[in-house]
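Novice: Structure file target-v7.txt (compact mmCIF, C-alpha atoms) is given on the next line.
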# COMPACT_ATOMS: atom_id res chain seq x y z
CA MET Z 8 134.09 51.49 117.50
CA ALA Z 9 137.12 52.13 119.64
CA SER Z 10 140.44 51.41 117.98
CA GLY Z 11 142.04 48.18 118.98
CA GLU Z 12 138.75 46.48 119.86
CA THR Z 13 137.62 43.24 118.23
CA GLN Z 14 133.88 43.06 117.72
CA THR Z 15 131.50 40.22 117.05
CA SER Z 16 129.05 40.57 114.16
CA VAL Z 17 126.24 41.49 116.56
CA GLU Z 18 128.38 44.12 118.29
CA TYR Z 19 129.46 45.52 114.92
CA ILE Z 20 125.85 45.89 113.74
CA ARG Z 21 124.72 47.38 117.05
CA HIS Z 22 127.60 49.85 116.98
CA HIS Z 23 126.78 51.07 113.48
CA LEU Z 24 123.10 51.48 114.34
CA THR Z 25 123.70 53.46 117.56
CA ASN Z 26 123.60 57.24 117.52
CA LEU Z 27 125.99 59.58 119.27
CA THR Z 28 123.62 60.36 122.15
CA TYR Z 29 123.81 63.15 124.70
CA GLY Z 30 121.57 62.94 127.75
CA GLN Z 31 121.25 62.10 131.42
CA HIS Z 32 123.19 59.12 132.74
CA PRO Z 33 121.63 56.75 135.32
CA ASP Z 34 123.71 58.45 138.04
CA GLY Z 35 122.08 61.80 137.26
CA THR Z 36 125.01 63.38 135.41
CA TRP Z 37 124.74 64.63 131.83
CA GLY Z 38 127.04 63.65 128.99
CA PHE Z 39 127.52 61.38 126.01
CA ALA Z 40 126.52 57.71 126.10
CA HIS Z 41 129.40 55.22 125.96
CA SER Z 42 127.33 52.15 125.06
CA ALA Z 43 124.17 51.28 123.17
CA GLU Z 44 122.49 50.29 126.44
CA GLU Z 45 123.39 53.58 128.05
CA ALA Z 46 122.09 55.53 125.04
CA GLN Z 47 118.79 53.66 125.25
CA ALA Z 48 118.53 54.29 128.99
CA MET Z 49 118.82 58.06 128.53
CA GLY Z 50 115.21 58.18 127.45
CA PHE Z 51 113.05 60.76 125.71
CA TRP Z 52 115.01 63.92 126.49
CA SER Z 53 118.30 62.68 125.06
CA ILE Z 54 119.61 64.21 121.84
CA HIS Z 55 121.11 62.38 118.88
CA VAL Z 56 123.96 64.79 118.28
CA ASP Z 57 125.13 63.14 115.05
CA SER Z 58 121.68 63.23 113.43
CA MET Z 59 121.22 66.87 114.39
CA GLY Z 60 124.71 67.85 113.27
CA TRP Z 61 124.62 66.11 109.91
CA SER Z 62 121.09 67.26 109.07
CA ILE Z 63 121.91 70.90 109.89
CA GLY Z 64 125.24 70.69 108.07
CA LEU Z 65 123.65 69.23 104.93
CA GLY Z 66 120.94 71.90 105.10
CA LEU Z 67 123.63 74.59 105.15
CA ILE Z 68 125.34 72.96 102.16
CA PHE Z 69 122.01 73.05 100.31
CA LEU Z 70 121.56 76.77 101.10
CA TYR Z 71 125.14 77.58 100.11
CA LEU Z 72 124.98 75.79 96.75
CA PHE Z 73 121.63 77.25 95.71
CA ARG Z 74 122.57 80.75 96.89
CA ARG Z 75 125.85 80.50 94.99
CA ALA Z 76 123.97 79.43 91.84
CA ALA Z 77 121.49 82.30 92.26
CA LYS Z 78 124.21 84.93 92.74
CA ARG Z 79 126.17 83.70 89.71
CA ALA Z 80 123.12 83.18 87.48
CA THR Z 81 123.52 84.56 83.99
CA ALA Z 82 121.19 85.01 81.04
CA GLY Z 83 123.86 83.61 78.76
CA VAL Z 84 125.19 80.07 78.65
CA PRO Z 85 124.72 78.71 82.19
CA GLY Z 86 127.49 77.03 84.11
CA GLY Z 87 127.26 73.49 85.42
CA LEU Z 88 125.94 74.42 88.87
CA GLN Z 89 123.39 76.90 87.49
CA ASN Z 90 122.18 74.39 84.92
CA PHE Z 91 121.83 71.67 87.58
CA VAL Z 92 119.92 73.96 89.96
CA GLU Z 93 117.63 75.20 87.19
CA ILE Z 94 116.76 71.62 86.23
CA ILE Z 95 115.80 70.78 89.82
CA VAL Z 96 113.84 74.03 90.32
CA ASP Z 97 111.93 73.61 87.05
CA PHE Z 98 111.18 69.96 87.80
CA ILE Z 99 109.81 70.67 91.29
CA ASP Z 100 107.92 73.76 90.09
CA ASP Z 101 106.24 71.82 87.26
CA THR Z 102 105.37 68.98 89.64
CA THR Z 103 103.93 71.39 92.21
CA GLN Z 104 101.82 73.26 89.64
CA SER Z 105 100.37 69.99 88.35
CA ILE Z 106 99.17 69.07 91.86
CA PHE Z 107 98.59 72.34 93.73
CA ASN Z 108 95.91 74.49 92.09
CA HIS Z 109 95.69 77.18 94.75
CA LYS Z 110 97.56 80.44 95.39
CA ASN Z 111 100.28 79.99 97.99
CA ASP Z 112 103.85 81.17 97.46
CA LEU Z 113 105.15 78.90 100.22
CA VAL Z 114 104.32 75.52 98.70
CA ALA Z 115 106.75 75.33 95.76
CA PRO Z 116 109.80 76.55 97.76
CA LEU Z 117 108.81 74.17 100.57
CA ALA Z 118 108.65 71.24 98.13
CA LEU Z 119 112.03 72.23 96.68
CA THR Z 120 113.59 72.48 100.15
CA ILE Z 121 112.20 69.12 101.22
CA PHE Z 122 113.28 67.35 98.03
CA VAL Z 123 116.88 68.61 98.00
CA TRP Z 124 117.42 68.42 101.77
CA VAL Z 125 116.01 64.91 102.10
CA PHE Z 126 117.98 63.81 99.03
CA LEU Z 127 121.24 65.09 100.54
CA MET Z 128 120.52 63.34 103.84
CA ASN Z 129 119.65 60.13 101.99
CA LEU Z 130 122.76 60.44 99.83
CA MET Z 131 124.98 59.99 102.89
CA ASP Z 132 123.88 56.34 102.88
CA LEU Z 133 126.24 55.80 99.91
CA VAL Z 134 129.31 56.70 101.96
CA PRO Z 135 131.06 53.43 102.95
CA VAL Z 136 129.73 52.47 106.37
CA ASP Z 137 133.14 52.25 108.10
CA TRP Z 138 134.87 55.37 106.83
CA ILE Z 139 133.46 58.09 109.05
CA PRO Z 140 132.83 55.88 112.13
CA MET Z 141 136.49 54.79 112.02
CA LEU Z 142 137.64 58.40 111.62
CA SER Z 143 135.41 59.42 114.53
CA ALA Z 144 136.73 56.58 116.68
CA SER Z 145 140.30 57.74 116.04
CA LEU Z 146 139.25 61.15 117.38
CA GLY Z 147 137.69 59.63 120.50
CA VAL Z 148 134.05 59.70 119.32
CA HIS Z 149 132.81 56.13 119.57
CA TYR Z 150 129.49 56.50 117.74
CA MET Z 151 128.71 58.38 114.55
CA LYS Z 152 125.71 57.78 112.29
CA ILE Z 153 125.88 60.01 109.23
CA VAL Z 154 122.48 59.33 107.61
CA PRO Z 155 119.95 61.55 109.42
CA THR Z 156 116.97 59.94 107.69
CA THR Z 157 117.75 56.60 109.36
CA ASP Z 158 116.81 58.32 112.63
CA PRO Z 159 113.02 58.40 113.24
CA ASN Z 160 113.49 61.56 115.31
CA ILE Z 161 114.57 63.42 112.16
CA THR Z 162 111.99 61.97 109.76
CA MET Z 163 109.10 62.33 112.21
CA SER Z 164 110.08 65.89 113.14
CA MET Z 165 109.96 66.83 109.45
CA ALA Z 166 106.64 65.01 109.07
CA LEU Z 167 105.18 66.77 112.12
CA SER Z 168 106.30 70.14 110.72
CA VAL Z 169 104.36 69.38 107.55
CA PHE Z 170 101.43 68.21 109.69
CA GLY Z 171 101.46 71.55 111.50
CA LEU Z 172 101.15 73.33 108.13
CA ILE Z 173 98.30 71.00 107.15
CA LEU Z 174 96.37 71.90 110.30
CA TYR Z 175 97.13 75.60 109.94
CA TYR Z 176 95.97 75.88 106.34
CA SER Z 177 92.97 73.63 106.95
CA VAL Z 178 91.72 76.04 109.60
CA ALA Z 179 92.86 79.19 107.77
CA ARG Z 180 91.11 78.23 104.51
CA LYS Z 181 87.98 76.54 105.88
CA GLY Z 182 87.63 78.10 109.29
CA LEU Z 183 87.58 76.12 112.50
CA ILE Z 184 83.91 75.22 112.09
CA GLY Z 185 84.43 74.19 108.49
CA PHE Z 186 87.41 72.04 109.38
CA LEU Z 187 85.53 70.32 112.20
CA ALA Z 188 82.58 69.80 109.86
CA GLU Z 189 84.90 68.18 107.34
CA LEU Z 190 86.07 65.79 110.04
CA SER Z 191 82.52 65.08 111.25
CA LEU Z 192 80.33 64.92 108.12
CA HIS Z 193 82.47 62.74 105.84
CA PRO Z 194 82.23 60.12 104.49
CA PHE Z 195 78.66 59.65 105.80
CA PRO Z 196 76.52 62.83 105.62
CA SER Z 197 74.05 61.73 108.32
CA LYS Z 198 74.31 63.54 111.66
CA LEU Z 199 73.86 60.19 113.38
CA ALA Z 200 77.17 59.08 111.84
CA ILE Z 201 79.16 62.02 113.23
CA PRO Z 202 81.03 59.93 115.88
CA ILE Z 203 81.94 57.29 113.26
CA ASN Z 204 82.96 59.96 110.73
CA PHE Z 205 85.11 61.73 113.30
CA VAL Z 206 86.99 58.56 114.22
CA LEU Z 207 87.53 57.62 110.56
CA GLU Z 208 88.67 61.10 109.54
CA MET Z 209 90.97 61.44 112.56
CA VAL Z 210 92.64 58.16 111.64
CA THR Z 211 93.10 59.47 108.08
CA LEU Z 212 94.46 62.77 109.38
CA ILE Z 213 96.93 61.22 111.81
CA ALA Z 214 98.06 58.75 109.14
CA LYS Z 215 99.46 61.62 107.07
CA PRO Z 216 102.49 62.47 109.24
CA LEU Z 217 102.98 58.81 110.11
CA SER Z 218 103.08 57.83 106.45
CA LEU Z 219 105.52 60.64 105.66
CA GLY Z 220 107.95 60.01 108.51
CA LEU Z 221 107.85 56.23 108.83
CA ARG Z 222 108.05 55.54 105.10
CA LEU Z 223 111.23 57.59 104.76
CA PHE Z 224 112.75 56.15 107.94
CA GLY Z 225 111.89 52.53 107.06
CA ASN Z 226 113.34 52.63 103.56
CA LEU Z 227 116.58 54.34 104.56
CA TYR Z 228 117.05 52.26 107.71
CA ALA Z 229 116.64 49.07 105.68
CA GLY Z 230 119.14 50.34 103.13
CA GLU Z 231 121.66 51.17 105.84
CA MET Z 232 121.20 47.74 107.42
CA ILE Z 233 121.93 46.03 104.10
CA PHE Z 234 125.13 48.06 103.66
CA VAL Z 235 126.22 47.04 107.18
CA LEU Z 236 125.51 43.36 106.44
CA ILE Z 237 127.45 43.59 103.17
CA ALA Z 238 130.37 45.15 105.06
CA LEU Z 239 130.43 42.10 107.35
CA MET Z 240 131.10 39.91 104.29
CA PHE Z 241 134.59 41.42 104.01
CA THR Z 242 135.54 39.65 107.24
CA GLY Z 243 134.59 36.18 105.93
CA GLY Z 244 137.56 35.42 103.70
CA ILE Z 245 138.51 36.15 100.10
CA VAL Z 246 135.43 34.60 98.49
CA PHE Z 247 132.99 36.48 100.71
CA ALA Z 248 135.04 39.66 100.33
CA LEU Z 249 134.86 39.48 96.52
CA ALA Z 250 131.13 38.77 96.68
CA GLY Z 251 130.71 41.65 99.13
CA GLY Z 252 132.47 44.01 96.72
CA VAL Z 253 130.07 43.06 93.93
CA PHE Z 254 127.00 43.26 96.17
CA GLN Z 255 128.12 46.63 97.49
CA TRP Z 256 128.24 48.23 94.03
CA VAL Z 257 125.01 46.60 92.91
CA TRP Z 258 123.14 47.69 96.03
CA ALA Z 259 124.63 51.21 95.82
CA ALA Z 260 123.37 51.56 92.23
CA PHE Z 261 119.90 50.36 93.21
CA HIS Z 262 119.87 52.43 96.40
CA LEU Z 263 120.62 55.59 94.42
CA ILE Z 264 117.18 55.14 92.86
CA VAL Z 265 115.64 54.53 96.29
CA ILE Z 266 117.11 57.63 97.93
CA THR Z 267 115.99 59.84 95.04
CA LEU Z 268 112.52 58.32 94.94
CA GLN Z 269 112.02 58.67 98.70
CA ALA Z 270 112.99 62.35 98.60
CA PHE Z 271 110.57 62.90 95.71
CA VAL Z 272 107.74 61.00 97.44
CA PHE Z 273 108.15 63.04 100.64
CA ALA Z 274 108.03 66.31 98.65
CA VAL Z 275 105.07 65.25 96.47
CA LEU Z 276 103.00 63.96 99.39
CA THR Z 277 103.62 67.23 101.20
CA VAL Z 278 102.21 69.12 98.22
CA VAL Z 279 99.25 66.72 97.96
CA TYR Z 280 98.39 67.07 101.64
CA LEU Z 281 98.66 70.87 101.51
CA ALA Z 282 96.45 70.91 98.41
CA GLN Z 283 93.84 68.93 100.34
CA ALA Z 284 94.14 71.40 103.22
CA HIS Z 285 93.43 74.29 100.81
CA ASP Z 286 90.54 72.54 99.10
CA THR Z 287 87.23 74.07 100.20
CA GLU Z 288 84.98 72.24 97.73
CA GLU Z 289 82.30 69.91 99.02
CA HIS Z 290 82.83 66.19 98.33
Render the structure in this file as structure tokens.

Specialist:
Amino acid sequence: MASGETQTSVEYIRHHLTNLTYGQHPDGTWGFAHSAEEAQAMGFWSIHVDSMGWSIGLGLIFLYLFRRAAKRATAGVPGGLQNFVEIIVDFIDDTTQSIFNHKNDLVAPLALTIFVWVFLMNLMDLVPVDWIPMLSASLGVHYMKIVPTTDPNITMSMALSVFGLILYYSVARKGLIGFLAELSLHPFPSKLAIPINFVLEMVTLIAKPLSLGLRLFGNLYAGEMIFVLIALMFTGGIVFALAGGVFQWVWAAFHLIVITLQAFVFAVLTVVYLAQAHDTEEH
């Protein structure tokens, strides 16, 4: 939102839902998009710079805080940061052990990373929707979305990374023939049903990354949209502004539960899917 511009409600919403996009302009040059239409026209190979920047930055914050807690860990009375980190680690470790009954040293750290990283990205949804976009506009950056999980490129890339691990461990644990047999001989054991089984199992397999990525994106995108709509109430006079203030705090309190739950669901489903990939028992 450029300073000095007056926007309609539709333009305001579109602005807040448009990423800072870098890609190829219609004239063949490369650079940042200066409108929502131009960002959309850049196509598949464009990059959402804000989503990438905020997700990487929040990941670095996560690494810094946990490394700091690990380096300052003491056997005596723990400090606030150490106590907080230990609670999260113990919680995720207990949850992982209750679901994952195989030997793999990657799964628990992966679940911890997913939970904390997704939670931090989700947490940005509680920052008032105008603060950082207005600051960015004053610096000449017209678009700035700060919640990476409202970008399907981020959520689906994480989901596809998990999907890659699912495929890897499915083949590594069961062998390629065993994995293909699992896709072809379930749920109907008859050889005549192999084509039907394969279609059904492929749908189930492909649904795993879709359920991970789209669930997270849908919930956070809806939450962001509601915050934007509430922000519009502050332009409707004193009565709407007072109501908007109340709604904003109520929705923020409820959304805090949503952002935590969605981070937990993503981490738990990752563990569940990897447990299924390790499972070599016949069903």

Novice: Could you please determine the separation between atom CA of Z:Asp137 and atom CA of Z:Ile153 in Å, to one decimal place?

Specialist: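 Computing it gives 10.7 Å between the two atoms.
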
Novice: Looking at Z:Met141, Z:Val92, Z:Ala200, Z:Met151, which one is nearest to Z:Val123, with distances taken over all atoms listed in the file?

Specialist: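 Of all the options, Z:Val92 lies closest to Z:Val123.
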
Novice: Show me as a list in words the residues that reach within 7 Å of (116.2, 58.1, 105.4), counting all atoms listed in the file and using the file's own coordinates.

Specialist: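 Within 7 Å of (116.2, 58.1, 105.4), the protein and nucleic acid residues are Met128, Asn129, Val154, Pro155, Thr156, Thr157, Leu223, Phe224, Asn226, Leu227 and Tyr228 of chain Z.
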
Novice: In Å, with one decimal, what is the gap from atom CA of Z:Tyr71 to atom CA of Z:Phe271?

Specialist: 21.1 Å

Novice: Tell me, in Å to one decimal, how far atom CA of Z:Asn204 is from atom CA of Z:Lys110.

Specialist: 29.5 Å

Novice: Determine the nearest neighbour of Z:Thr103 from the options Z:Pro116, Z:Gly83, Z:Pro202, Z:Gly38, counting all atoms listed in the file.

Specialist: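 Looking at the shortest contact to Z:Thr103, the residue is Z:Pro116.
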
Novice: From the options Z:Val235, Z:Ala274, Z:Leu249, Z:Leu24, which residue's atoms come nearest to Z:Ala115, counting all atoms listed in the file?

Specialist: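 Going through Z:Val235, Z:Ala274, Z:Leu249, Z:Leu24 one by one, the smallest distance to Z:Ala115 is for Z:Ala274.
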
Novice: Residues near Z:Leu207, anyone? I mean within 12 Å using only C-alpha atoms, not counting same-chain ones fewer than 2 positions away, as a compact mmCIF listing (two decimals) with C-alpha atoms, in the coordinates of the input.

Specialist:
# COMPACT_ATOMS: atom_id res chain seq x y z
CA GLU Z 189 84.90 68.18 107.34
CA LEU Z 190 86.07 65.79 110.04
CA SER Z 191 82.52 65.08 111.25
CA LEU Z 192 80.33 64.92 108.12
CA HIS Z 193 82.47 62.74 105.84
CA PRO Z 194 82.23 60.12 104.49
CA PHE Z 195 78.66 59.65 105.80
CA ALA Z 200 77.17 59.08 111.84
CA ILE Z 201 79.16 62.02 113.23
CA PRO Z 202 81.03 59.93 115.88
CA ILE Z 203 81.94 57.29 113.26
CA ASN Z 204 82.96 59.96 110.73
CA PHE Z 205 85.11 61.73 113.30
CA MET Z 209 90.97 61.44 112.56
CA VAL Z 210 92.64 58.16 111.64
CA THR Z 211 93.10 59.47 108.08
CA LEU Z 212 94.46 62.77 109.38
CA ILE Z 213 96.93 61.22 111.81
CA ALA Z 214 98.06 58.75 109.14

Novice: Box time for stretch 200-214 of chain Z: axis-aligned, enclosing all its listed atoms, 4 Å extra on each side; report centre and edge lengths in Å to one decimal, as AutoDock Vina command-line options.

Specialist:
--center_x 87.6 --center_y 60.0 --center_z 112.0 --size_x 28.9 --size_y 13.5 --size_z 15.8

Novice: So, counting only C-alpha atoms, which residue among Z:Leu113, Z:Gln14, Z:Leu70, Z:Gly30 is closest to Z:Tyr176?

Specialist: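 Among the listed residues, Z:Leu113 lies closest to Z:Tyr176.
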
Novice: My list of candidates is Z:Ile20, Z:Ile106, Z:Ile173, Z:Ala76. Which is closest to Z:Tyr280 when distances are computed with all atoms listed in the file?

Specialist: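 Nearest candidate to Z:Tyr280 out of Z:Ile20, Z:Ile106, Z:Ile173, Z:Ala76: Z:Ile173.
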
Novice: Counting all atoms listed in the file, what is within 10 Å of Z:Ile233, bar same-chain residues fewer than 4 positions away, as a PyMOL selection string?

Specialist: chain Z and resi 227-229+237-239+254-255+258

Novice: Suppose we keep C-alpha atoms; can you now write the selection as a PDB file, in the frame of the given file?

Specialist:
ATOM      1  CA  LEU Z 227     116.580  54.340 104.560  1.00  0.00           C
ATOM      2  CA  TYR Z 228     117.050  52.260 107.710  1.00  0.00           C
ATOM      3  CA  ALA Z 229     116.640  49.070 105.680  1.00  0.00           C
ATOM      4  CA  ILE Z 237     127.450  43.590 103.170  1.00  0.00           C
ATOM      5  CA  ALA Z 238     130.370  45.150 105.060  1.00  0.00           C
ATOM      6  CA  LEU Z 239     130.430  42.100 107.350  1.00  0.00           C
ATOM      7  CA  PHE Z 254     127.000  43.260  96.170  1.00  0.00           C
ATOM      8  CA  GLN Z 255     128.120  46.630  97.490  1.00  0.00           C
ATOM      9  CA  TRP Z 258     123.140  47.690  96.030  1.00  0.00           C
TER      10      TRP Z 258
END

Novice: Kindly complete stretch 262-273 of chain Z to all heavy atoms; the output should be written as a PDB file, in the frame of the given file.

Specialist:
ATOM      1  N   HIS Z 262     120.245  51.539  95.295  1.00  0.00           N
ATOM      2  CA  HIS Z 262     119.870  52.430  96.400  1.00  0.00           C
ATOM      3  C   HIS Z 262     119.864  53.882  95.969  1.00  0.00           C
ATOM      4  O   HIS Z 262     119.150  54.707  96.562  1.00  0.00           O
ATOM      5  CB  HIS Z 262     120.829  52.220  97.571  1.00  0.00           C
ATOM      6  CG  HIS Z 262     120.266  52.635  98.885  1.00  0.00           C
ATOM      7  ND1 HIS Z 262     119.060  52.182  99.365  1.00  0.00           N
ATOM      8  CD2 HIS Z 262     120.742  53.496  99.842  1.00  0.00           C
ATOM      9  CE1 HIS Z 262     118.805  52.715 100.540  1.00  0.00           C
ATOM     10  NE2 HIS Z 262     119.819  53.524 100.852  1.00  0.00           N
ATOM     11  N   LEU Z 263     120.644  54.222  94.946  1.00  0.00           N
ATOM     12  CA  LEU Z 263     120.620  55.590  94.420  1.00  0.00           C
ATOM     13  C   LEU Z 263     119.221  55.930  93.906  1.00  0.00           C
ATOM     14  O   LEU Z 263     118.747  57.065  94.049  1.00  0.00           O
ATOM     15  CB  LEU Z 263     121.660  55.745  93.309  1.00  0.00           C
ATOM     16  CG  LEU Z 263     121.801  57.143  92.693  1.00  0.00           C
ATOM     17  CD1 LEU Z 263     122.195  58.153  93.762  1.00  0.00           C
ATOM     18  CD2 LEU Z 263     122.830  57.128  91.570  1.00  0.00           C
ATOM     19  N   ILE Z 264     118.565  54.947  93.304  1.00  0.00           N
ATOM     20  CA  ILE Z 264     117.180  55.140  92.860  1.00  0.00           C
ATOM     21  C   ILE Z 264     116.265  55.308  94.060  1.00  0.00           C
ATOM     22  O   ILE Z 264     115.377  56.174  94.080  1.00  0.00           O
ATOM     23  CB  ILE Z 264     116.722  53.952  91.989  1.00  0.00           C
ATOM     24  CG1 ILE Z 264     117.619  53.818  90.761  1.00  0.00           C
ATOM     25  CG2 ILE Z 264     115.259  54.104  91.580  1.00  0.00           C
ATOM     26  CD1 ILE Z 264     117.335  52.582  89.932  1.00  0.00           C
ATOM     27  N   VAL Z 265     116.493  54.489  95.097  1.00  0.00           N
ATOM     28  CA  VAL Z 265     115.640  54.530  96.290  1.00  0.00           C
ATOM     29  C   VAL Z 265     115.736  55.876  96.990  1.00  0.00           C
ATOM     30  O   VAL Z 265     114.714  56.476  97.355  1.00  0.00           O
ATOM     31  CB  VAL Z 265     116.024  53.394  97.263  1.00  0.00           C
ATOM     32  CG1 VAL Z 265     115.267  53.534  98.576  1.00  0.00           C
ATOM     33  CG2 VAL Z 265     115.750  52.038  96.635  1.00  0.00           C
ATOM     34  N   ILE Z 266     116.953  56.379  97.184  1.00  0.00           N
ATOM     35  CA  ILE Z 266     117.110  57.630  97.930  1.00  0.00           C
ATOM     36  C   ILE Z 266     116.511  58.800  97.163  1.00  0.00           C
ATOM     37  O   ILE Z 266     115.960  59.731  97.771  1.00  0.00           O
ATOM     38  CB  ILE Z 266     118.588  57.889  98.280  1.00  0.00           C
ATOM     39  CG1 ILE Z 266     119.443  58.091  97.026  1.00  0.00           C
ATOM     40  CG2 ILE Z 266     119.157  56.774  99.136  1.00  0.00           C
ATOM     41  CD1 ILE Z 266     120.901  58.398  97.316  1.00  0.00           C
ATOM     42  N   THR Z 267     116.602  58.779  95.837  1.00  0.00           N
ATOM     43  CA  THR Z 267     115.990  59.840  95.040  1.00  0.00           C
ATOM     44  C   THR Z 267     114.475  59.743  95.080  1.00  0.00           C
ATOM     45  O   THR Z 267     113.772  60.748  95.258  1.00  0.00           O
ATOM     46  CB  THR Z 267     116.478  59.765  93.586  1.00  0.00           C
ATOM     47  OG1 THR Z 267     117.909  59.767  93.550  1.00  0.00           O
ATOM     48  CG2 THR Z 267     115.957  60.940  92.773  1.00  0.00           C
ATOM     49  N   LEU Z 268     113.968  58.533  94.929  1.00  0.00           N
ATOM     50  CA  LEU Z 268     112.520  58.320  94.940  1.00  0.00           C
ATOM     51  C   LEU Z 268     111.909  58.705  96.279  1.00  0.00           C
ATOM     52  O   LEU Z 268     110.845  59.338  96.322  1.00  0.00           O
ATOM     53  CB  LEU Z 268     112.209  56.857  94.613  1.00  0.00           C
ATOM     54  CG  LEU Z 268     110.729  56.467  94.554  1.00  0.00           C
ATOM     55  CD1 LEU Z 268     110.016  57.259  93.457  1.00  0.00           C
ATOM     56  CD2 LEU Z 268     110.577  54.974  94.314  1.00  0.00           C
ATOM     57  N   GLN Z 269     112.561  58.356  97.382  1.00  0.00           N
ATOM     58  CA  GLN Z 269     112.020  58.670  98.700  1.00  0.00           C
ATOM     59  C   GLN Z 269     111.996  60.174  98.951  1.00  0.00           C
ATOM     60  O   GLN Z 269     111.064  60.686  99.582  1.00  0.00           O
ATOM     61  CB  GLN Z 269     112.818  57.959  99.786  1.00  0.00           C
ATOM     62  CG  GLN Z 269     112.604  56.459  99.831  1.00  0.00           C
ATOM     63  CD  GLN Z 269     111.136  56.096  99.988  1.00  0.00           C
ATOM     64  OE1 GLN Z 269     110.421  56.669 100.813  1.00  0.00           O
ATOM     65  NE2 GLN Z 269     110.672  55.147  99.194  1.00  0.00           N
ATOM     66  N   ALA Z 270     113.002  60.892  98.478  1.00  0.00           N
ATOM     67  CA  ALA Z 270     112.990  62.350  98.600  1.00  0.00           C
ATOM     68  C   ALA Z 270     111.850  62.940  97.776  1.00  0.00           C
ATOM     69  O   ALA Z 270     111.141  63.857  98.225  1.00  0.00           O
ATOM     70  CB  ALA Z 270     114.332  62.927  98.141  1.00  0.00           C
ATOM     71  N   PHE Z 271     111.645  62.415  96.576  1.00  0.00           N
ATOM     72  CA  PHE Z 271     110.570  62.900  95.710  1.00  0.00           C
ATOM     73  C   PHE Z 271     109.206  62.596  96.309  1.00  0.00           C
ATOM     74  O   PHE Z 271     108.307  63.447  96.301  1.00  0.00           O
ATOM     75  CB  PHE Z 271     110.706  62.253  94.333  1.00  0.00           C
ATOM     76  CG  PHE Z 271     109.640  62.667  93.357  1.00  0.00           C
ATOM     77  CD1 PHE Z 271     109.605  63.950  92.842  1.00  0.00           C
ATOM     78  CD2 PHE Z 271     108.665  61.776  92.958  1.00  0.00           C
ATOM     79  CE1 PHE Z 271     108.618  64.343  91.949  1.00  0.00           C
ATOM     80  CE2 PHE Z 271     107.675  62.141  92.064  1.00  0.00           C
ATOM     81  CZ  PHE Z 271     107.645  63.430  91.563  1.00  0.00           C
ATOM     82  N   VAL Z 272     109.023  61.392  96.840  1.00  0.00           N
ATOM     83  CA  VAL Z 272     107.740  61.000  97.440  1.00  0.00           C
ATOM     84  C   VAL Z 272     107.407  61.901  98.624  1.00  0.00           C
ATOM     85  O   VAL Z 272     106.258  62.346  98.781  1.00  0.00           O
ATOM     86  CB  VAL Z 272     107.770  59.522  97.865  1.00  0.00           C
ATOM     87  CG1 VAL Z 272     106.575  59.183  98.756  1.00  0.00           C
ATOM     88  CG2 VAL Z 272     107.781  58.616  96.645  1.00  0.00           C
ATOM     89  N   PHE Z 273     108.391  62.181  99.475  1.00  0.00           N
ATOM     90  CA  PHE Z 273     108.150  63.040 100.640  1.00  0.00           C
ATOM     91  C   PHE Z 273     107.702  64.430 100.172  1.00  0.00           C
ATOM     92  O   PHE Z 273     106.745  65.003 100.724  1.00  0.00           O
ATOM     93  CB  PHE Z 273     109.421  63.147 101.478  1.00  0.00           C
ATOM     94  CG  PHE Z 273     109.189  63.587 102.894  1.00  0.00           C
ATOM     95  CD1 PHE Z 273     109.361  62.708 103.954  1.00  0.00           C
ATOM     96  CD2 PHE Z 273     108.804  64.892 103.180  1.00  0.00           C
ATOM     97  CE1 PHE Z 273     109.138  63.109 105.269  1.00  0.00           C
ATOM     98  CE2 PHE Z 273     108.591  65.311 104.492  1.00  0.00           C
ATOM     99  CZ  PHE Z 273     108.759  64.412 105.531  1.00  0.00           C
TER     100      PHE Z 273
END
